[in-house]
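Following: one structure in structure tokens, then a few remarks.
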Amino acid sequence: MAKLKIVGGRPITMDEAIELRQTVFGSAASPPRGEWTRTGFTFGPASQVCKPPPPPFPAFRTIQHRTRSIRQEYPYGLRTPRNATRGMQSVLQAHIIKQFIFDNKPRDKSVPLEELLKPTEAEQALSLYTAMSDILWNIGEKSKAIVALPGEASHIPHSHVYFQDNVTEKLYFFEFTKLDDLQIFMKRYLPYFTENPGPGTLLYLYSAVLTRGMENMRNDLDAPKGAHLMGPHEEGSLNVITLLLTGRATPYLHNGVVYVGDEDHYAVPQFGILSRGAIGLLVWEGENEAMRSASRMPGSRLKTPATPVWVSCCCGHYGVLFNSNRELLRNYHAEKRFELHYYTCAGCYLSMTVDNRGQDEGGGDNGDQEGDRKRDDMVSTPLERLIHTKWMDAKITYHGALPASLNF
């Protein structure tokens, strides 16, 4: 699709540009992190209608030469280098997978998961602009959304209080009060977000922040004056994840509102996750896990979403876990043994079987003991520990070869 010339919109002002950059990056007088101005939303090669594409779920093939591995492209998957945009892209990826499995096509149980995840180029574009629209609409409390797109001319000069980044100072704002209008607009101007290299991820992050509102953003972050959305994290801040998943950029992952105080201070509220969403979140912080406060551990509203799709943050690295059975989180029996799939925007894919039946069964023969020893060897893998934050005593069996580092 060719980029269309922007028509209409309201140009950004100096005050808005400074406030926007300060809210997101902490300063307007220094340039933002460079990856945000050169990373767009891009898929792997689309499936072709004229010939059957390779299956998206083969055994994970890896050719190891000490530290190298060769990965296959997946047509349902976004691809991005390891940088600060990956967390945000993982949220989009989770919504895209949800659409392919549960929304876009009739959920005929006879259709295998492999077929649901073979989108054509048109289906890739549809899933992307629909997911982007739905997330913004949720952030705007289903009543409004603001989209930021760059024009050709700069509205703000370079100065000691504002450092030009070739994007922010060129922005036009478009406001919508109907979801249908928002989706039509996102479809029309989708190339602004998919151009690579290009500022598509920054434009979308700005749109999310503007939709939420600057004052609301500062209240969400619940931090001292000068706090901002970004942090030093390699793949992005959890505040960006909670903004896109829940509509609020809260650092607190517990359910509801918790009042924190002691005998010397008044109790103050910490606003966590106020409702259950369509997409969940699982977090495991590695060696720092035991040091995390309860407010930074996902509660049941994040662990048990409406559909079995989770954004995962494992030792600071983001991915998506998913299952194709909508009843998985509604039926206790469905959770006894099921398939789970894991994808990262680096193009890494794994499938596994999660078996919870051991919780209800005791004893075992020598074969079981040997299996237990293998499990003990594997339990140290970060991905398995992440899964255990949801299914504590599950036995996990990976399908195919397992990369030594699990991309961590």
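Residues in the structure tokens are named by chain (A, B, ... in the order shown) and by number from 1 within that chain; ligands are numbered from 1 in the order shown.
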
Name the residues of range 68-161 of chain A that fall into strand (DSSP E) according to DSSP on the backbone, using the chain letters and numbers of this document, as a PyMOL selection string. chain A and resi 145-150

File dump, residues just selected, C-alpha atoms, as a PDB file, in the first residue's frame:
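In the end it all went to again27.pdb:
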ATOM      1  CA  ALA A 145      -9.484   7.886  20.359  1.00  0.00           C
ATOM      2  CA  ILE A 146      -6.750  10.209  19.091  1.00  0.00           C
ATOM      3  CA  VAL A 147      -4.347   9.238  16.311  1.00  0.00           C
ATOM      4  CA  ALA A 148      -1.093  11.098  15.644  1.00  0.00           C
ATOM      5  CA  LEU A 149       0.384  11.165  12.130  1.00  0.00           C
ATOM      6  CA  PRO A 150       3.320  13.197  10.771  1.00  0.00           C
TER       7      PRO A 150
END

Considering only C-alpha atoms, return as a PyMOL selection string whatever protein or nucleic-acid residues lie within 9 Å of range 232-248 of chain A, sequence-local ones (same chain, fewer than 2 positions apart) excluded. chain A and resi 82-88+90-92+135-141+205+208-209+212+216-217+220-221+229-230+250-253+273-281+311+313+316-318

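Between CA of Tyr162 in chain A and CA of Ile18 in chain A lies a distance of 6.7 Å.
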
Counting only C-alpha atoms, figure out which residue out of A:Ala46, A:Asp15, A:Gln93, A:Glu175 gets nearest to Ala346 in chain A.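 Closest residue, counting only C-alpha atoms: A:Gln93.
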
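Note that the spacing between CA of Ser27 in chain A and CA of Gly9 in chain A amounts to 25.4 Å.
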
Among the residues of range 53-187 of chain A, find those DSSP assigns to alpha helix (DSSP H) from the backbone and print them as a PyMOL selection string. chain A and resi 86-98+113-116+121-139+179-187

Between A:Ser154, A:Gln270, A:Asn255, A:Thr120, which is the closest to Arg301 in chain A once you count only C-alpha atoms?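 Residue with the minimum atom-to-atom distance to Arg301 in chain A: A:Asn255.
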